[in-house]
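J.: Okay, handing you the structure first.
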Amino acid sequence: MKGKIKSSNLIVHIILIIGAFAMLLPFIWMIITSLKNLTESTTIPITIMPKDFKWSNYIDVWNQLPFAKFYINTMLMMFFRVIGSVFFSAMAAYAFARIDFPGKKFFFMIILIQMMIPGQIFIIPQYIMVSKLGLLNTVTALVIPGMVSAFGTFLLRQFFIGIPKELEEAAILDGCNRWQVFWKVMLPLTRSGLVALGIFTSVFAYKDLMWPLIVNMSLDKMPLAAGMASLQGQYSTNFPQLMAGSMIAIWPMLIIFIIFQKQFVEGVASTGSKS
Amino acid sequence: MIKQKNTSKRSDKKLKVSEKDLNDYYWAYFMIAPTIIGLIILNIWPLIQTIYLSFNRTGDFGINQWIGLDNYKQMLADPIVWQATLNTLKYTAISVPIGVILSLGIAVLLNSKIKGKTIYRTIYFLPMVSAPAAIAMVWRWLYSSDFGLINYLLSFVGVKGPNWLTNPKLALLSIVVVGIWSYLGYNMIILLAGLQEIPKSFYEAATIDGAGPIRQFFSITFPLISPTMFFVVITSMITGLQVFDLIFMMISKSNAVMESTQSLVYLFYNYSFVMNDKGYGSTIIVLLLAIILLITVIQLKLQKKWVHYE
Amino acid sequence: MKKSLKKIIAVALTSIVVMTTLVGCGSSKTTSDTSGKPVTLTYAIWDKNQQPGMQAIADSFHKLNPNITVKVQVTPWETYWTKMDAGASSGTLPDVFWMHSNNFTKYANGDMLMDLTDTIKNSKDVKMSNFPKSLVSLYTLEGKVYAMPKDYDTIALWYNKTMFDKKGIAYPDGTWDWNKYLEVAKKLTDPSKGVYGVVAPSDDQQGYYNFVYQNNGYILSPDKKKSGFSLAATKQAIQWNVDLSQKYKVSPTQQQFADTSFATYFESGKAAMGLFGSWMVSEFKANDYVSKNCDVAVIPHGKTKATIINGLANVVSSKTKYPVEALKFEDYLGTKAANILQAEKGAAIPAYIGTEQPFIDNTKQFNLKVYPEMLDYSVLFPNSATKAKWYEIQNNTMTKVYTGQLTVEQGCNIIDKQMNALLATEK
């Protein structure tokens, strides 16, 4: 038995390692580039290792841009977007998954339609809305488009559907109203789903480039991705600095991800047949 | 699907049922309200504005002129739009199946009892957390025909690497690779969450019954994860049909492959924001929306065939 | 010397303030004079390299007008115009911002810019005669000036001294014509080493536009009503430029340029010569290889001398909340002092004629004086109200011509037809 487990584990590891290498290759290249000087990074033919390790690129980029402000703005943006979208989406998702109400199909169509629309068409109308509210160049402006999420609603609805109805019905028989069923029974069972949604909302907030650049003006109101775009000039870009900046910018997301990974506890969700 | 209603109860319960239903309805509306209202204001209204624009010849700064279906007539006769539609469909048709299958495979492997899961998950998720600009730049270098790393490595095994980004037949495929690479971790996480909803007891029972891992996959894993799979397939398709960033950042404007690579959203961006023709750009978006709607509706109808709902 | 200059400026500005309070600012539309109260203006730009220069100007202006603070805000080029568009549509444009010739007509026609004619008339230090005529005409619409020229750029010939030395060839000296250019390019091309004599991409401003005008052709007729792509002279010039990569093979192909930019070829010593605009100076400066091995000379000439000139300008939003203060700053931007500050920080050649010296001195390793030297025969980068559309058609078609998918004749005819159709829709 033990021998069997070991060899199948080995195969799994080999496959995962090959995949991991493919994932990492571009990052390794990014790190190497961040340590080159400008000329080396653009010279053809390409040199692999930098001649000298220019750690000063990191210091230069850090001094050039207000990274501390970028981190804070990004954190705030992610935090509020996550709270808003997870909470509102979970509520709506439960209603769509478990309650048969008039107009359900119509409202769900709205959810699906939003997901199908390319985000680029929202930018100018939303800009005009935000400017009318007097919220241009604020962190609040960064949060607004992400407070509700069609995607999140759809995702959680799928998870809620996967939960056996018996659990709910038991609670209803016990006298719980819908809200209590939602809050006390359903939410805890979709922990993985909620965490997944939280992670995605964070990632999409983090990667949002166009919106912050358009709605905010000063560097100190920018989140990380937009702040770093300022390193790209009209005609030339300091590639090593851009790479160094990217390396500095990765950490918040990475740490959040690592922390929340622990929430992916094995086999917690859905005990179904056991009770 | 069997609706489970309390039909076995007596008539006096009927009154309670309708009262209860009403209560349910109020809760339902309350619970969907923030999301629906938010979406209508932030997203549906701009959509209506966009559709309106498609019937206009747009001038600078909002001075428009109604022209009815002229933009649509022009679009239907425009070979560039047809090519872009083809490019977009091709991109989606290739990237979605491969991407989803790979993500499922990795998710299943990462759901098993092996060490180092956290590390693997983090590595596979890395592409999602990096600055898009940096990623595009790096991949462009990797793909560079004369000076890129990929062709450099290929030269060691005596193969002359092709023109990844400048050969019209290859460029779209090269972008597909980057697209799959970028979203692998994302889909993997969703599928992992879904996998973890499946009770271990099911697998234990199956093992006791003598079923091997492959049999278990097809009779337990796949059906139970199908709702999540459905979500992943639909969202990947929609994302694929909306592809823009990758093309924008990896194909320079003076690259002759642009016509065989540009997507509908790229065309929209070009017309609306570069050439200042928001009317025509909006028309293209409406076309894309119609395509996405059609494909999604087909998917929704097909889901009955393979998605297992309780 | 500087102190008395500042005094003059201070007096000039004070008199403007006095005059405007007495007479009323002719072109502004709104509000009372809020001079004295602290005001913050937003000044939008797109080039991070020039931020130190703009900040220096903002600081020096603040010293002269302590109640006005100017905030310089950088938005990357790719997003800049989307943002300005959104701002224009919602009445939230920055108070003062950079204008590019490609977009000028659109903003001026759309009443988004403040008319500066009166401000300039009443200004002590700012006169339009201080700026190159072509730039002034670029930013004038129906006799009214809507933008203050800020800088200009011309196109010059950059070359790799080391590569020339190795083959014992004399450096370009300003007398070169097309034949000499090609002749030297052939000598410097070495296919076995992957080295080329020149880079000849499908770029217009840094490429064929120059040759078209040198051949007595044109891209856009002076009255902006006709396309020049049907002219034999234009086609001939473009053919010659295309031949460099396709026939004579002294330049990498357009397909290669799609992978590796033409600037990179030059910066890596893989091409000995190339035409580059003065905006490339800061990039070349930062590159060790170019700094050590390359230099710049006057552009070669064809039947006549020509180089493409373009320039940015500063504009004021017509809906600014602080017209008086914004116009004060705008005026300051057109003074000699401000232009000298710009030159000192080195990223662009200031528009004020005679203030280029600091720009030249800032970069001793390159012979930058050739850029202003070419002013006399510079030709304005063509633009018109529908440029955004014909520019796109032109570029897409030219890419196909340079890759050989279309002949020069076919490509030029396509562009000519569509460009004329668009020009016909302009007033």
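Going by the structure tokens order, chains are called A, B, ..., each with residues numbered from 1, while ligands are numbered from 1 in the order shown.
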So that I can check the surroundings of Ser182 of chain B, please list as a PyMOL selection string every protein, DNA and RNA residue that reaches within 9 Å of it, counting only C-alpha atoms and ignoring chain neighbours fewer than 4 positions away.
T.: (chain A and resi 23) or (chain B and resi 125-128+177-178+186)
J.: Take the residues from that selection and put them in a file with C-alpha atoms, as a short mmCIF file (atom, residue, chain, number, x, y, z; two decimals), in the first residue's frame.
T.:
```cif
data_model
loop_
_atom_site.label_atom_id
_atom_site.label_comp_id
_atom_site.auth_asym_id
_atom_site.auth_seq_id
_atom_site.Cartn_x
_atom_site.Cartn_y
_atom_site.Cartn_z
CA MET A 23 4.53 29.44 -14.30
CA PHE B 125 -1.50 31.82 -8.64
CA LEU B 126 1.44 34.17 -9.18
CA PRO B 127 0.47 35.30 -12.69
CA MET B 128 -2.74 36.71 -11.29
CA VAL B 177 -0.61 30.69 -24.49
CA VAL B 178 -0.17 33.83 -22.43
CA TYR B 186 -7.58 31.76 -11.11
#
```
J.: Each residue of chain A with at least one atom at most 7 Å from chain C should appear once, together with its nearest atom pair and the corresponding distance in Å (one decimal); atoms considered: only C-alpha atoms; ordering: chain, then increasing residue number; output as a Markdown table.
T.:
```
| residue | atom | partner | partner_atom | distance |
| --- | --- | --- | --- | --- |
| A:Leu38 | CA | C:Asn287 | CA | 6.6 |
| A:Thr39 | CA | C:Asn287 | CA | 5.3 |
| A:Thr42 | CA | C:Thr264 | CA | 6.6 |
| A:Thr43 | CA | C:Ser268 | CA | 5.0 |
| A:Ile44 | CA | C:Ser268 | CA | 5.9 |
| A:Ile124 | CA | C:Ala86 | CA | 5.8 |
| A:Tyr127 | CA | C:Ala86 | CA | 6.9 |
| A:Ile128 | CA | C:Ser90 | CA | 5.8 |
| A:Ile214 | CA | C:Lys83 | CA | 5.1 |
| A:Met217 | CA | C:Gln73 | CA | 6.3 |
| A:Ser218 | CA | C:Gln73 | CA | 5.8 |
| A:Ala229 | CA | C:Pro76 | CA | 6.7 |
| A:Ser230 | CA | C:Pro76 | CA | 5.5 |
| A:Gln232 | CA | C:Pro76 | CA | 6.7 |
| A:Gly233 | CA | C:Asp47 | CA | 5.8 |
| A:Gln234 | CA | C:Trp77 | CA | 5.4 |
| A:Ser236 | CA | C:Glu283 | CA | 6.5 |
```
J.: Those same residues - C-alpha atoms - I'd like them written as a compact mmCIF listing (two decimals), in the first residue's frame.
T.:
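Output contents, as saved in result_36.txt:
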```txt
# COMPACT_ATOMS: atom_id res chain seq x y z
CA LEU A 38 19.08 49.98 -18.44
CA THR A 39 21.43 49.35 -21.32
CA THR A 42 17.43 46.38 -23.80
CA THR A 43 20.53 45.21 -25.58
CA ILE A 44 20.23 42.66 -28.30
CA ILE A 124 -16.46 57.28 -19.13
CA TYR A 127 -16.25 58.88 -14.50
CA ILE A 128 -19.03 61.36 -15.16
CA ILE A 214 -8.74 58.05 -15.27
CA MET A 217 -5.07 62.54 -10.71
CA SER A 218 -2.38 62.76 -8.11
CA ALA A 229 2.19 52.76 -14.92
CA SER A 230 3.72 56.17 -14.43
CA GLN A 232 6.20 54.04 -18.54
CA GLY A 233 7.16 57.08 -20.54
CA GLN A 234 5.65 58.11 -23.84
CA SER A 236 10.79 54.96 -23.44
```
J.: Excluding same-chain residues fewer than 5 positions from segment 345-361 of chain C, what lies within 7 Å of it counting only C-alpha atoms, as number ranges by chain?
T.: C: 49-50, 52-53, 130-132, 149-153, 279, 282, 336, 339-340, 368-369
J.: Print the selection's residues with C-alpha atoms to a file, as a PDB file, in the first residue's frame.
T.:
```pdb
ATOM      1  CA  ASN C  49      10.863  62.609 -17.703  1.00  0.00           C
ATOM      2  CA  GLN C  50       9.823  66.225 -17.915  1.00  0.00           C
ATOM      3  CA  PRO C  52      11.348  67.957 -12.837  1.00  0.00           C
ATOM      4  CA  GLY C  53      11.320  70.716 -15.442  1.00  0.00           C
ATOM      5  CA  ASN C 130       9.300  84.720 -29.823  1.00  0.00           C
ATOM      6  CA  PHE C 131       8.177  81.342 -31.088  1.00  0.00           C
ATOM      7  CA  PRO C 132       8.755  79.599 -34.423  1.00  0.00           C
ATOM      8  CA  PRO C 149       3.840  76.852 -27.605  1.00  0.00           C
ATOM      9  CA  LYS C 150       5.932  74.958 -25.109  1.00  0.00           C
ATOM     10  CA  ASP C 151       8.619  73.092 -26.982  1.00  0.00           C
ATOM     11  CA  TYR C 152       9.489  71.784 -30.389  1.00  0.00           C
ATOM     12  CA  ASP C 153      11.196  68.755 -31.778  1.00  0.00           C
ATOM     13  CA  TRP C 279      12.603  63.692 -27.630  1.00  0.00           C
ATOM     14  CA  SER C 282      16.838  61.657 -22.646  1.00  0.00           C
ATOM     15  CA  LYS C 336      11.742  83.423 -21.430  1.00  0.00           C
ATOM     16  CA  ASN C 339      11.505  78.318 -21.145  1.00  0.00           C
ATOM     17  CA  ILE C 340      15.034  78.565 -19.813  1.00  0.00           C
ATOM     18  CA  LEU C 368      22.590  68.704 -29.934  1.00  0.00           C
ATOM     19  CA  LYS C 369      22.891  72.103 -31.576  1.00  0.00           C
TER      20      LYS C 369
END
```
J.: Which residues, written as a ChimeraX atom specification, have at least one atom at most 7 Å from Ser103 of chain B, with only C-alpha atoms counted and residues fewer than 4 positions away on the same chain left out?
T.: /B:99,107,184,187-188
J.: Just the selected residues (C-alpha atoms), exported as an mmCIF file, in the first residue's frame, please.
T.:
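Below you can see out.cif, which holds the result:
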```cif
data_model
loop_
_atom_site.group_PDB
_atom_site.id
_atom_site.type_symbol
_atom_site.label_atom_id
_atom_site.label_comp_id
_atom_site.auth_asym_id
_atom_site.auth_seq_id
_atom_site.Cartn_x
_atom_site.Cartn_y
_atom_site.Cartn_z
ATOM 1 C CA GLY B 99 -7.367 26.341 -20.033
ATOM 2 C CA ALA B 107 -6.883 21.473 -9.057
ATOM 3 C CA LEU B 184 -4.669 29.054 -14.850
ATOM 4 C CA ASN B 187 -9.656 28.930 -12.479
ATOM 5 C CA MET B 188 -7.716 26.494 -10.344
#
```
J.: Near chain B, meaning an atom within 7 Å, which residues of chain C appear when counting only C-alpha atoms? Write them as a VMD selection string.
T.: chain C and resid 82 88 to 89 106 110 255 258 to 259 388 to 389 399 to 400
J.: Now that the selection is made, can you save its residues with C-alpha atoms as a CSV table (one decimal), in the first residue's frame?
T.:
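Output file again-v9.csv follows:
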```csv
chain,number,residue,atom,x,y,z
C,82,THR,CA,-9.0,59.2,-22.6
C,88,ALA,CA,-13.9,67.6,-21.2
C,89,SER,CA,-17.2,65.7,-21.4
C,106,LYS,CA,-10.7,68.9,-31.8
C,110,GLY,CA,-15.1,72.0,-29.2
C,255,GLN,CA,8.6,42.4,-39.5
C,258,ALA,CA,7.5,44.6,-34.9
C,259,ASP,CA,9.6,42.4,-32.5
C,388,ALA,CA,-7.2,60.8,-35.7
C,389,LYS,CA,-9.0,58.8,-38.4
C,399,THR,CA,2.7,48.9,-42.4
C,400,LYS,CA,1.5,46.6,-45.2
```
J.: If you count only C-alpha atoms, which residues fall within 7 Å of Phe160 of chain A, apart from same-chain ones fewer than 4 positions away, as a count of residues only?
T.: 3
J.: For a test of reading the model, state the distance in Å between atom CA of Ile414 of chain C and atom CA of Leu231 of chain C, rounded to one decimal.
T.: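 It comes out at 13.0 Å.
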J.: When distances are computed from only C-alpha atoms, which of B:Ala136, B:Ile208, B:Ile295, B:Ile190 shows the smallest separation from chain A?
T.: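 Of all the options, B:Ile190 lies closest to chain A.
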J.: Tell me, in Å to one decimal, how far atom CA of Glu373 of chain C is from atom CA of Lys133 of chain C.
T.: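 About the pair atom CA of Glu373 of chain C and atom CA of Lys133 of chain C: they are 15.1 Å apart.
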J.: Quick one: distance from atom CA of Asn122 of chain C to atom CA of Thr105 of chain C in Å, one decimal?
T.: 24.8 Å
J.: From a DSSP pass on the backbone, collect the residues of segment 54-192 of chain A flagged as helix (DSSP H, G or I) and hand them back as a PyMOL selection string.
T.: chain A and resi 56-64+67-98+104-116+119-132+139-146+150-161+165-173+178-189+191-192
